[in-house]
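Trainee: data23.cif (mmCIF, C-alpha atoms) pasted underneath:
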```cif
data_final
#
loop_
_atom_site.label_atom_id
_atom_site.label_comp_id
_atom_site.auth_asym_id
_atom_site.auth_seq_id
_atom_site.Cartn_x
_atom_site.Cartn_y
_atom_site.Cartn_z
CA MET A 793 38.24 -26.79 -23.84
CA GLU A 794 38.86 -30.33 -22.73
CA MET A 795 35.55 -31.69 -21.58
CA PRO A 796 34.96 -35.02 -19.93
CA VAL A 797 33.69 -37.36 -22.59
CA ASP A 798 30.55 -38.85 -21.27
CA VAL A 799 28.70 -35.80 -20.00
CA ALA A 800 25.63 -35.94 -22.11
CA GLY A 801 26.78 -37.94 -25.09
CA PRO A 802 27.08 -36.32 -28.46
CA GLU A 803 24.37 -34.04 -29.66
CA ARG A 804 22.03 -35.78 -32.09
CA ALA A 805 22.69 -34.89 -35.66
CA SER A 806 20.22 -35.23 -38.49
CA LEU A 807 21.08 -37.64 -41.29
CA LEU A 808 20.93 -34.73 -43.67
CA ALA A 809 23.46 -32.81 -41.58
CA LEU A 810 25.81 -35.81 -41.63
CA PHE A 811 25.41 -36.16 -45.39
CA GLY A 812 25.95 -32.43 -45.93
CA GLU A 813 28.91 -31.98 -43.60
CA PHE A 814 30.81 -34.96 -44.97
CA LEU A 815 30.00 -33.82 -48.48
CA LYS A 816 31.71 -30.56 -47.53
CA VAL A 817 34.67 -32.35 -45.93
CA SER A 818 35.11 -34.39 -49.08
CA LEU A 819 34.83 -31.47 -51.51
CA CYS A 820 37.35 -29.48 -49.50
CA SER A 821 39.92 -32.28 -49.18
CA VAL A 822 42.50 -31.66 -51.86
CA GLY A 823 46.11 -32.65 -52.05
CA GLY A 824 46.36 -35.75 -49.91
CA GLY A 825 45.74 -36.10 -46.20
CA GLY A 826 43.52 -33.04 -46.24
CA GLY A 827 40.55 -35.08 -45.12
CA ILE A 828 41.79 -35.19 -41.53
CA VAL A 829 42.12 -31.40 -41.46
CA TRP A 830 38.59 -30.81 -42.68
CA ALA A 831 37.02 -33.63 -40.71
CA ARG A 832 38.43 -32.21 -37.49
CA ARG A 833 37.30 -28.74 -38.41
CA VAL A 834 33.72 -29.86 -39.02
CA VAL A 835 33.34 -32.54 -36.35
CA VAL A 836 35.20 -30.83 -33.50
CA GLU A 837 35.20 -27.11 -34.19
CA ARG A 838 32.07 -26.32 -36.15
CA ARG A 839 29.53 -28.94 -35.07
CA GLY A 840 30.92 -30.02 -31.72
CA TRP A 841 29.90 -33.60 -32.49
CA MET A 842 33.04 -34.86 -30.75
CA ASN A 843 35.78 -33.34 -28.63
CA ASP A 844 39.44 -33.51 -29.61
CA ARG A 845 40.02 -36.55 -27.43
CA ASP A 846 37.27 -38.64 -28.99
CA PHE A 847 38.28 -37.46 -32.42
CA ALA A 848 41.87 -38.56 -31.82
CA ASP A 849 40.49 -41.94 -30.70
CA VAL A 850 38.64 -42.33 -33.97
CA LEU A 851 41.76 -41.31 -35.88
CA SER A 852 43.87 -43.98 -34.19
CA LEU A 853 41.28 -46.63 -34.80
CA CYS A 854 41.13 -45.71 -38.48
CA GLN A 855 44.89 -45.53 -38.77
CA PHE A 856 45.19 -49.09 -37.54
CA MET A 857 42.54 -50.38 -39.94
CA PRO A 858 42.89 -51.08 -43.65
CA GLY A 859 41.22 -48.83 -46.19
CA PRO A 860 40.86 -45.14 -47.02
CA ASN A 861 41.28 -43.66 -43.53
CA VAL A 862 39.13 -40.58 -43.95
CA VAL A 863 36.16 -42.68 -45.03
CA GLY A 864 36.76 -44.54 -41.79
CA ILE A 865 36.43 -41.30 -39.83
CA THR A 866 33.12 -40.74 -41.60
CA VAL A 867 31.88 -44.22 -40.69
CA CYS A 868 32.86 -43.80 -37.03
CA VAL A 869 31.41 -40.31 -36.58
CA GLY A 870 28.20 -41.22 -38.41
CA SER A 871 27.74 -44.41 -36.45
CA ARG A 872 28.51 -42.69 -33.12
CA LEU A 873 25.84 -40.07 -33.77
CA ARG A 874 23.13 -42.00 -35.59
CA GLY A 875 24.06 -45.68 -35.77
CA PRO A 876 24.19 -47.56 -39.08
CA LYS A 877 22.00 -45.04 -40.87
CA GLY A 878 24.32 -42.26 -39.77
CA ALA A 879 27.34 -44.15 -41.07
CA LEU A 880 25.62 -44.68 -44.42
CA ALA A 881 24.53 -41.05 -44.64
CA GLY A 882 28.06 -39.84 -43.90
CA VAL A 883 29.71 -42.21 -46.37
CA ALA A 884 27.14 -41.38 -49.07
CA GLY A 885 27.80 -37.67 -48.54
CA PHE A 886 31.53 -38.25 -48.58
CA THR A 887 31.61 -40.31 -51.77
CA VAL A 888 28.72 -40.02 -54.24
CA ILE A 889 28.62 -36.38 -55.32
CA PRO A 890 32.38 -35.63 -55.00
CA LEU A 891 33.29 -38.76 -56.97
CA ALA A 892 30.76 -37.93 -59.69
CA ILE A 893 32.11 -34.38 -60.00
CA SER A 894 35.79 -35.29 -59.86
CA PHE A 895 35.38 -38.29 -62.12
CA SER A 896 33.71 -36.12 -64.77
CA LEU A 897 36.33 -33.39 -64.43
CA GLY A 898 39.16 -35.93 -64.46
CA THR A 899 38.06 -37.80 -67.56
CA TRP A 900 37.38 -34.51 -69.31
CA TYR A 901 40.79 -33.22 -68.32
CA LEU A 902 42.54 -36.38 -69.51
CA ALA A 903 40.82 -36.14 -72.87
CA ASN A 904 41.39 -32.44 -73.46
CA THR A 905 44.35 -31.00 -71.67
CA ASP A 906 48.02 -31.42 -71.14
CA ILE A 907 48.63 -32.93 -67.73
CA ALA A 908 51.78 -30.85 -67.26
CA ALA A 909 49.72 -27.71 -66.78
CA LEU A 910 48.24 -29.32 -63.71
CA GLN A 911 51.57 -30.05 -62.07
CA GLY A 912 52.22 -26.47 -60.97
CA VAL A 913 48.86 -26.11 -59.26
CA LEU A 914 49.26 -29.53 -57.75
CA GLY A 915 52.69 -28.66 -56.35
CA GLY A 916 51.35 -25.56 -54.61
CA VAL A 917 48.28 -27.31 -53.24
CA SER A 918 50.32 -30.24 -51.90
CA ALA A 919 52.78 -27.93 -50.17
CA ALA A 920 49.97 -26.09 -48.39
CA ALA A 921 48.03 -29.29 -47.64
CA ALA A 922 51.13 -30.74 -45.99
CA GLY A 923 51.42 -27.70 -43.74
CA LEU A 924 47.75 -27.98 -42.77
CA MET A 925 48.25 -31.60 -41.82
CA ILE A 926 51.23 -30.77 -39.61
CA ALA A 927 49.24 -28.06 -37.85
CA THR A 928 46.25 -30.36 -37.33
CA GLY A 929 48.54 -32.97 -35.78
CA LEU A 930 50.06 -30.37 -33.46
CA ARG A 931 46.61 -29.27 -32.35
CA LEU A 932 45.64 -32.87 -31.60
CA LEU A 933 48.82 -33.17 -29.54
CA LEU A 934 47.85 -30.24 -27.29
CA PRO A 935 45.73 -32.27 -24.83
CA TRP A 936 48.77 -34.51 -24.25
CA ARG A 937 51.26 -31.79 -23.53
CA GLN A 938 51.41 -32.64 -19.81
CA HIS A 939 52.35 -36.23 -20.52
CA PRO A 940 56.05 -36.66 -21.31
CA SER A 941 55.71 -40.34 -22.28
CA ALA A 942 52.95 -39.49 -24.78
CA LEU A 943 55.10 -36.75 -26.28
CA ALA A 944 58.02 -39.17 -26.52
CA LEU A 945 55.86 -41.74 -28.34
CA ALA A 946 54.64 -39.08 -30.76
CA ALA A 947 58.23 -38.00 -31.36
CA LEU A 948 59.29 -41.60 -32.04
CA ALA A 949 56.43 -42.11 -34.50
CA PHE A 950 57.34 -38.84 -36.19
CA ALA A 951 60.99 -39.85 -36.42
CA GLY A 952 60.13 -43.34 -37.66
CA LEU A 953 58.22 -41.90 -40.56
CA VAL A 954 60.46 -38.95 -41.38
CA PHE A 955 63.99 -40.17 -40.72
CA THR A 956 63.79 -43.82 -41.75
CA SER A 957 62.54 -45.32 -44.97
CA LEU A 958 60.41 -47.85 -43.10
CA PRO A 959 56.87 -48.34 -44.38
CA LEU A 960 54.07 -46.95 -42.21
CA LEU A 961 52.94 -50.43 -41.25
CA ALA A 962 56.37 -51.34 -39.89
CA VAL A 963 56.47 -48.17 -37.78
CA LEU A 964 53.00 -48.99 -36.45
CA LEU A 965 53.88 -52.59 -35.63
CA VAL A 966 56.90 -51.51 -33.59
CA LEU A 967 55.40 -48.51 -31.82
CA ALA A 968 51.92 -49.83 -31.05
CA PRO A 969 53.12 -52.52 -28.60
CA LEU A 970 55.71 -50.12 -27.23
CA GLY A 971 53.05 -47.46 -26.65
CA VAL A 972 50.68 -49.85 -24.94
CA GLY A 973 53.57 -51.17 -22.85
CA VAL A 974 54.48 -47.67 -21.71
CA ALA A 975 50.84 -46.98 -20.89
CA VAL A 976 50.59 -50.15 -18.83
CA LEU A 977 53.70 -49.15 -16.87
CA ALA A 978 52.29 -45.69 -16.33
CA GLY A 979 49.39 -47.57 -14.72
CA GLY A 980 46.72 -45.78 -16.66
CA ARG A 981 47.21 -42.82 -14.31
CA ARG A 982 46.23 -40.37 -16.95
CA ARG A 983 42.57 -39.93 -17.66
CA MET B 447 31.00 -55.12 -73.31
CA SER B 448 31.02 -58.81 -73.99
CA ASP B 449 34.08 -59.81 -72.03
CA LEU B 450 33.55 -59.26 -68.35
CA SER B 451 36.63 -61.05 -67.13
CA ALA B 452 38.81 -57.92 -66.84
CA PRO B 453 36.26 -55.82 -64.89
CA VAL B 454 35.49 -58.71 -62.56
CA ALA B 455 39.16 -59.48 -61.99
CA LEU B 456 39.98 -55.82 -61.31
CA THR B 457 37.07 -55.31 -58.93
CA GLY B 458 37.87 -58.50 -57.02
CA HIS B 459 41.52 -57.54 -56.74
CA LEU B 460 40.70 -54.03 -55.51
CA ALA B 461 38.30 -55.42 -52.91
CA LEU B 462 41.04 -57.74 -51.68
CA LEU B 463 43.76 -55.09 -51.58
CA SER B 464 41.57 -52.46 -49.93
CA SER B 465 40.82 -55.00 -47.19
CA ILE B 466 44.51 -55.39 -46.38
CA SER B 467 45.64 -51.80 -46.97
CA PHE B 468 46.74 -51.11 -43.41
CA GLY B 469 47.71 -47.48 -43.06
CA GLY B 470 45.61 -46.43 -46.04
CA ILE B 471 45.29 -47.17 -49.74
CA PRO B 472 48.72 -45.65 -50.59
CA SER B 473 50.28 -48.62 -48.80
CA VAL B 474 48.98 -50.96 -51.54
CA LEU B 475 49.56 -48.62 -54.50
CA PRO B 476 52.70 -50.53 -55.59
CA ASP B 477 50.68 -53.77 -55.70
CA ILE B 478 47.88 -52.10 -57.64
CA ARG B 479 50.37 -50.69 -60.13
CA HIS B 480 51.96 -54.09 -60.57
CA TYR B 481 48.55 -55.68 -61.19
CA VAL B 482 47.10 -53.22 -63.69
CA VAL B 483 50.31 -52.12 -65.47
CA GLU B 484 52.70 -55.06 -65.44
CA ALA B 485 50.58 -58.17 -64.95
CA HIS B 486 47.66 -57.18 -67.19
CA GLY B 487 48.79 -54.21 -69.27
CA TRP B 488 45.45 -52.44 -68.85
CA LEU B 489 47.22 -49.15 -68.18
CA SER B 490 50.58 -47.71 -69.13
CA ASP B 491 52.91 -46.36 -66.47
CA ARG B 492 52.10 -42.92 -67.77
CA ASP B 493 48.34 -43.47 -67.34
CA PHE B 494 49.00 -44.60 -63.78
CA ALA B 495 51.05 -41.51 -62.97
CA ASN B 496 48.49 -39.23 -64.63
CA PHE B 497 45.60 -40.77 -62.70
CA PHE B 498 47.56 -40.28 -59.50
CA ALA B 499 48.22 -36.61 -60.25
CA ILE B 500 44.62 -35.95 -61.21
CA ALA B 501 43.26 -37.71 -58.14
CA GLN B 502 45.52 -35.58 -55.95
CA ALA B 503 44.50 -32.35 -57.60
CA LEU B 504 40.74 -32.86 -57.64
CA PRO B 505 38.46 -32.63 -54.61
CA GLY B 506 37.00 -35.71 -52.99
CA PRO B 507 38.43 -38.97 -51.69
CA ASN B 508 41.54 -39.05 -53.84
CA MET B 509 42.53 -42.72 -53.63
CA ILE B 510 38.95 -43.85 -54.34
CA LEU B 511 38.93 -41.46 -57.29
CA MET B 512 42.15 -42.93 -58.59
CA MET B 513 40.69 -46.47 -58.45
CA THR B 514 37.55 -45.16 -60.16
CA LEU B 515 39.67 -43.82 -63.02
CA ILE B 516 41.52 -47.14 -63.30
CA GLY B 517 38.15 -48.92 -63.46
CA TRP B 518 36.98 -46.51 -66.13
CA LYS B 519 40.06 -47.24 -68.23
CA VAL B 520 39.51 -51.00 -67.89
CA GLY B 521 35.77 -51.21 -68.50
CA GLY B 522 34.05 -47.85 -68.80
CA VAL B 523 31.66 -46.25 -66.34
CA PRO B 524 30.13 -49.48 -64.90
CA THR B 525 33.58 -50.75 -63.97
CA ALA B 526 34.44 -47.32 -62.59
CA VAL B 527 31.47 -47.52 -60.21
CA ALA B 528 32.31 -51.13 -59.26
CA SER B 529 35.93 -50.18 -58.58
CA ALA B 530 34.90 -47.32 -56.32
CA LEU B 531 32.62 -49.62 -54.33
CA ALA B 532 35.33 -52.29 -54.11
CA THR B 533 37.76 -49.69 -52.75
CA PHE B 534 35.64 -48.36 -49.90
CA GLY B 535 32.93 -50.98 -49.33
CA PRO B 536 34.88 -53.72 -47.55
CA PRO B 537 36.92 -51.30 -45.37
CA CYS B 538 33.74 -49.41 -44.42
CA THR B 539 32.20 -52.61 -43.12
CA MET B 540 35.32 -53.28 -41.07
CA TYR B 541 35.44 -49.71 -39.75
CA TYR B 542 31.84 -50.01 -38.69
CA VAL B 543 32.25 -53.30 -36.84
CA ALA B 544 35.51 -52.21 -35.22
CA TYR B 545 34.10 -48.90 -34.04
CA ARG B 546 31.00 -50.55 -32.55
CA LEU B 547 33.24 -52.84 -30.54
CA TRP B 548 35.54 -50.00 -29.53
CA ASP B 549 32.65 -47.79 -28.52
CA ARG B 550 30.98 -50.55 -26.50
CA PHE B 551 34.02 -50.83 -24.25
CA ARG B 552 34.86 -47.14 -24.21
CA ASP B 553 34.97 -46.99 -20.42
CA ALA B 554 36.84 -50.23 -19.86
CA PRO B 555 40.16 -49.77 -18.07
CA TRP B 556 42.09 -51.68 -20.75
CA GLN B 557 40.81 -49.28 -23.34
CA ARG B 558 42.12 -46.29 -21.43
CA ILE B 559 45.54 -47.93 -21.49
CA VAL B 560 45.38 -48.84 -25.17
CA ARG B 561 44.26 -45.31 -25.94
CA ALA B 562 47.07 -43.73 -23.94
CA GLY B 563 49.50 -45.94 -25.84
CA LEU B 564 48.15 -45.62 -29.37
CA VAL B 565 46.80 -42.10 -29.72
CA PRO B 566 50.16 -40.34 -29.30
CA VAL B 567 51.66 -42.69 -31.90
CA THR B 568 48.85 -41.81 -34.31
CA ILE B 569 49.35 -38.11 -33.77
CA GLY B 570 53.09 -38.44 -34.33
CA LEU B 571 52.36 -40.28 -37.57
CA ILE B 572 50.03 -37.51 -38.75
CA ILE B 573 52.66 -34.82 -38.12
CA GLY B 574 55.27 -37.08 -39.70
CA GLY B 575 53.03 -37.79 -42.70
CA GLY B 576 52.55 -34.05 -43.22
CA THR B 577 56.30 -33.56 -42.98
CA VAL B 578 56.99 -36.29 -45.54
CA VAL B 579 54.52 -34.73 -47.99
CA ALA B 580 55.99 -31.28 -47.33
CA ARG B 581 59.47 -32.61 -48.02
CA ALA B 582 58.32 -34.25 -51.26
CA ALA B 583 56.58 -31.05 -52.33
CA ALA B 584 59.50 -28.83 -51.33
CA THR B 585 61.40 -28.65 -54.58
CA ASN B 586 62.81 -25.32 -53.40
CA TRP B 587 62.64 -22.88 -50.49
CA ARG B 588 59.48 -21.27 -51.82
CA SER B 589 57.39 -24.45 -51.59
CA ALA B 590 58.89 -25.13 -48.18
CA ALA B 591 57.86 -21.63 -47.15
CA VAL B 592 54.31 -22.30 -48.38
CA SER B 593 54.11 -25.43 -46.19
CA ALA B 594 55.48 -23.57 -43.17
CA ALA B 595 53.15 -20.62 -43.67
CA ALA B 596 50.12 -22.89 -44.08
CA ALA B 597 51.04 -24.73 -40.87
CA ALA B 598 51.54 -21.47 -38.95
CA VAL B 599 48.22 -19.99 -40.06
CA MET B 600 46.35 -23.24 -39.45
CA LEU B 601 47.59 -23.37 -35.85
CA ARG B 602 45.19 -20.56 -34.99
CA PRO B 603 41.86 -21.99 -33.85
CA ARG B 604 38.99 -22.01 -36.30
CA THR B 605 41.01 -21.13 -39.35
CA ASN B 606 39.36 -21.92 -42.65
CA PRO B 607 42.05 -23.78 -44.65
CA LEU B 608 40.30 -23.37 -47.99
CA TRP B 609 41.76 -20.01 -48.93
CA LEU B 610 45.24 -21.26 -48.03
CA LEU B 611 44.85 -24.14 -50.49
CA ILE B 612 43.47 -21.87 -53.18
CA ALA B 613 46.24 -19.31 -52.73
CA ALA B 614 48.92 -21.99 -52.82
CA GLY B 615 47.37 -23.59 -55.90
CA ALA B 616 47.29 -20.20 -57.61
CA LEU B 617 50.95 -19.52 -56.77
CA GLY B 618 51.88 -22.93 -58.18
CA GLY B 619 49.68 -22.51 -61.24
CA LEU B 620 51.31 -19.19 -62.04
CA GLY B 621 54.69 -20.89 -61.91
CA LEU B 622 55.83 -18.88 -58.90
CA LEU B 623 56.86 -21.97 -56.94
CA SER B 624 58.87 -23.71 -59.62
CA ARG B 625 62.64 -23.56 -59.62
#
```
Please express the file's structure as structure tokens.

Mentor:
Amino acid sequence: MEMPVDVAGPERASLLALFGEFLKVSLCSVGGGGGIVWARRVVVERRGWMNDRDFADVLSLCQFMPGPNVVGITVCVGSRLRGPKGALAGVAGFTVIPLAISFSLGTWYLANTDIAALQGVLGGVSAAAAGLMIATGLRLLLPWRQHPSALALAALAFAGLVFTSLPLLAVLLVLAPLGVGVAVLAGGRRR
Amino acid sequence: MSDLSAPVALTGHLALLSSISFGGIPSVLPDIRHYVVEAHGWLSDRDFANFFAIAQALPGPNMILMMTLIGWKVGGVPTAVASALATFGPPCTMYYVAYRLWDRFRDAPWQRIVRAGLVPVTIGLIIGGGTVVARAAATNWRSAAVSAAAAAVMLRPRTNPLWLLIAAGALGGLGLLSR
């Protein structure tokens, strides 16, 4: 399952396919953080545009950049496959139609319905979406299972977020240098 | 709309905040709330909370949707569109430039080291982020069980998560997860 990255380069995707797949990713992402789940499913599992390693690369890059992270994934995948046009096609697919639909539904809902009725559905969806995110993270961790230092870093990041009340940025600023330091000491032996 | 100062101020502020929202838009939500609720009074706290809930429950990029709704409240549909663009335009440009640079040096030895150091941290943060959301959603053992079940099912390769979300939403909508 783990292929060397640079065999033949990613398969060329049509702009329409990028638009359509990221439209799907966007429409399916409900409940916060779901974008990563769906993006991995489409990019890695269904289309094979990237392997898990490259996808995790893109995720880290986006995590360390400002902005809506899942849009960042779209930009990176689109640009990797088809350059600037690919990035635009992906972002257009990700944003235009879903925003138009959800904006219309949202304003209609605000004008006509009691918001409390939504809370129950929202609670269920968030609970499931959280589980999906955990599972997606665990799957991304699989290629690293032979590397104790990588697992330790992941555990520290997990603990920093879950067991302290530190903001994400603070956790990143502490662990990023630590992670790179550990990698330097390990001498880049892995991959 | 004769007075454009509010839409322009909002759009400019969103463009600025989205450009510094390291870790995602939620990291600047407190600042956005302060700006639109306290500093300018364009929205009430209740509006802000409602927009957040709606953005979470509807499909699509939820933080961009939330900013779109704020823009709509401030200046109608044109401001809604401008707010959406301000939220993802500047970061998209940065993502693009950063990824081009990253990709150009993808085989450089330093990048292998940076990757080995950063990717595990990112993955830990994703699992941690999911856990934090699960904990917030877990008002009782039933919601916690939904999170656990969703995670277990999703661990199988090539699982389609959509029906899990729909089922969980239905359970919640029927009131089976409350109390």

Trainee: Evaluate the PyMOL selection byres ((chain A and resi 910) around 12) on the structure here and hand back the selected residues as number ranges by chain.

Mentor: A: 898, 901-902, 905-909, 911-917; B: 496-504, 615-616, 618-621

Trainee: Which residues of chain A are close to chain B, meaning at most 6 Å apart when you count all atoms listed in the file, and how do they look as a compact mmCIF listing (two decimals) with C-alpha atoms, in the frame of the given file?

Mentor:
```
# COMPACT_ATOMS: atom_id res chain seq x y z
CA SER A 818 35.11 -34.39 -49.08
CA LEU A 819 34.83 -31.47 -51.51
CA SER A 821 39.92 -32.28 -49.18
CA VAL A 822 42.50 -31.66 -51.86
CA GLY A 823 46.11 -32.65 -52.05
CA SER A 852 43.87 -43.98 -34.19
CA GLN A 855 44.89 -45.53 -38.77
CA MET A 857 42.54 -50.38 -39.94
CA PRO A 858 42.89 -51.08 -43.65
CA GLY A 859 41.22 -48.83 -46.19
CA PRO A 860 40.86 -45.14 -47.02
CA ASN A 861 41.28 -43.66 -43.53
CA GLY A 864 36.76 -44.54 -41.79
CA PRO A 890 32.38 -35.63 -55.00
CA SER A 894 35.79 -35.29 -59.86
CA GLY A 912 52.22 -26.47 -60.97
CA VAL A 913 48.86 -26.11 -59.26
CA LEU A 914 49.26 -29.53 -57.75
CA GLY A 916 51.35 -25.56 -54.61
CA VAL A 917 48.28 -27.31 -53.24
CA ALA A 919 52.78 -27.93 -50.17
CA ALA A 920 49.97 -26.09 -48.39
CA ALA A 922 51.13 -30.74 -45.99
CA GLY A 923 51.42 -27.70 -43.74
CA LEU A 924 47.75 -27.98 -42.77
CA MET A 925 48.25 -31.60 -41.82
CA ILE A 926 51.23 -30.77 -39.61
CA ALA A 927 49.24 -28.06 -37.85
CA GLY A 929 48.54 -32.97 -35.78
CA ALA A 942 52.95 -39.49 -24.78
CA LEU A 945 55.86 -41.74 -28.34
CA ALA A 946 54.64 -39.08 -30.76
CA ALA A 947 58.23 -38.00 -31.36
CA ALA A 949 56.43 -42.11 -34.50
CA PHE A 950 57.34 -38.84 -36.19
CA LEU A 953 58.22 -41.90 -40.56
CA VAL A 954 60.46 -38.95 -41.38
CA ALA A 968 51.92 -49.83 -31.05
CA GLY A 971 53.05 -47.46 -26.65
CA VAL A 972 50.68 -49.85 -24.94
CA ALA A 975 50.84 -46.98 -20.89
CA GLY A 980 46.72 -45.78 -16.66
```

Trainee: With a distance cut-off of 10 Å and all atoms listed in the file, select the neighbouring residues of Arg838 (chain A), excluding the residue or stretch itself and same-chain residues fewer than 6 positions from it, and output the selection as a list of chain:residue names.

Mentor: A:Glu813, A:Ala831, A:Arg832, B:Arg604

Trainee: How would the residues just picked look written out with C-alpha atoms as an mmCIF file, keeping the file's coordinate frame?

Mentor:
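Here's the written file out.cif:
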```
data_model
loop_
_atom_site.group_PDB
_atom_site.id
_atom_site.type_symbol
_atom_site.label_atom_id
_atom_site.label_comp_id
_atom_site.auth_asym_id
_atom_site.auth_seq_id
_atom_site.Cartn_x
_atom_site.Cartn_y
_atom_site.Cartn_z
ATOM 1 C CA GLU A 813 28.910 -31.980 -43.600
ATOM 2 C CA ALA A 831 37.020 -33.630 -40.710
ATOM 3 C CA ARG A 832 38.430 -32.210 -37.490
ATOM 4 C CA ARG B 604 38.990 -22.010 -36.300
#
```

Trainee: How many Å separate CA of Gly522 (chain B) from CA of Thr457 (chain B)?

Mentor: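 So the answer is 12.7 Å.
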
Trainee: Using CA of His939 (chain A) and CA of Leu967 (chain A) as the two end points, give the distance in Å to one decimal.

Mentor: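 Between these atoms lies a distance of 17.0 Å.
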
Trainee: Just to confirm, what's the straight-line distance from CA of Leu932 (chain A) to CA of Gly878 (chain A) in Å (one decimal)?

Mentor: 24.7 Å

Trainee: Applied to the shown file, which residues does the PyMOL selection byres ((chain A and resi 850) around 9) return, written as a VMD selection string?

Mentor: (chain A and resid 845 to 849 851 to 855 864 to 865 868 to 869) or (chain B and resid 545)

Trainee: Show me the residues around (21.1, -34.1, -40.7) - criterion: an atom at most 12 Å away, all atoms listed in the file counted - as a compact mmCIF listing (two decimals) with C-alpha atoms, in the frame of the given file.

Mentor:
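Okay, this is what ended up in point39.txt:
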```txt
# COMPACT_ATOMS: atom_id res chain seq x y z
CA GLU A 803 24.37 -34.04 -29.66
CA ARG A 804 22.03 -35.78 -32.09
CA ALA A 805 22.69 -34.89 -35.66
CA SER A 806 20.22 -35.23 -38.49
CA LEU A 807 21.08 -37.64 -41.29
CA LEU A 808 20.93 -34.73 -43.67
CA ALA A 809 23.46 -32.81 -41.58
CA LEU A 810 25.81 -35.81 -41.63
CA PHE A 811 25.41 -36.16 -45.39
CA GLY A 812 25.95 -32.43 -45.93
CA GLU A 813 28.91 -31.98 -43.60
CA PHE A 814 30.81 -34.96 -44.97
CA LEU A 815 30.00 -33.82 -48.48
CA ARG A 839 29.53 -28.94 -35.07
CA GLY A 870 28.20 -41.22 -38.41
CA LEU A 873 25.84 -40.07 -33.77
CA ARG A 874 23.13 -42.00 -35.59
CA LYS A 877 22.00 -45.04 -40.87
CA GLY A 878 24.32 -42.26 -39.77
CA ALA A 879 27.34 -44.15 -41.07
CA ALA A 881 24.53 -41.05 -44.64
CA GLY A 882 28.06 -39.84 -43.90
CA GLY A 885 27.80 -37.67 -48.54
```

Trainee: So which one's closest to Ala978 (chain A), A:Ser941, A:Phe955, A:Leu960, A:Leu930? Using all atoms listed in the file, please.

Mentor: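 Smallest separation from Ala978 (chain A) among the options: A:Ser941.
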
Trainee: Can I get a file of region 568-594 of chain B from the given structure, C-alpha atoms kept, as a CSV table (one decimal), in the first residue's frame?

Mentor:
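Result file is selection00.csv:
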```csv
chain,number,residue,atom,x,y,z
B,568,THR,CA,0.0,17.0,12.5
B,569,ILE,CA,-1.5,13.6,12.8
B,570,GLY,CA,-1.5,13.7,16.6
B,571,LEU,CA,-3.3,17.1,16.3
B,572,ILE,CA,-6.0,15.6,14.0
B,573,ILE,CA,-6.7,12.7,16.4
B,574,GLY,CA,-6.6,15.2,19.3
B,575,GLY,CA,-8.9,17.6,17.5
B,576,GLY,CA,-11.4,14.8,16.9
B,577,THR,CA,-11.2,13.8,20.5
B,578,VAL,CA,-11.8,17.4,21.7
B,579,VAL,CA,-14.9,17.6,19.4
B,580,ALA,CA,-16.1,14.2,20.6
B,581,ARG,CA,-15.7,15.3,24.2
B,582,ALA,CA,-17.6,18.5,23.6
B,583,ALA,CA,-20.4,16.6,21.8
B,584,ALA,CA,-20.5,13.9,24.5
B,585,THR,CA,-23.2,15.2,26.7
B,586,ASN,CA,-23.9,11.6,27.8
B,587,TRP,CA,-22.8,8.1,27.2
B,588,ARG,CA,-25.0,7.8,24.1
B,589,SER,CA,-23.2,10.6,22.2
B,590,ALA,CA,-19.9,9.2,23.3
B,591,ALA,CA,-21.0,5.8,22.0
B,592,VAL,CA,-21.9,7.4,18.6
B,593,SER,CA,-18.4,8.9,18.3
B,594,ALA,CA,-16.7,5.6,19.2
```
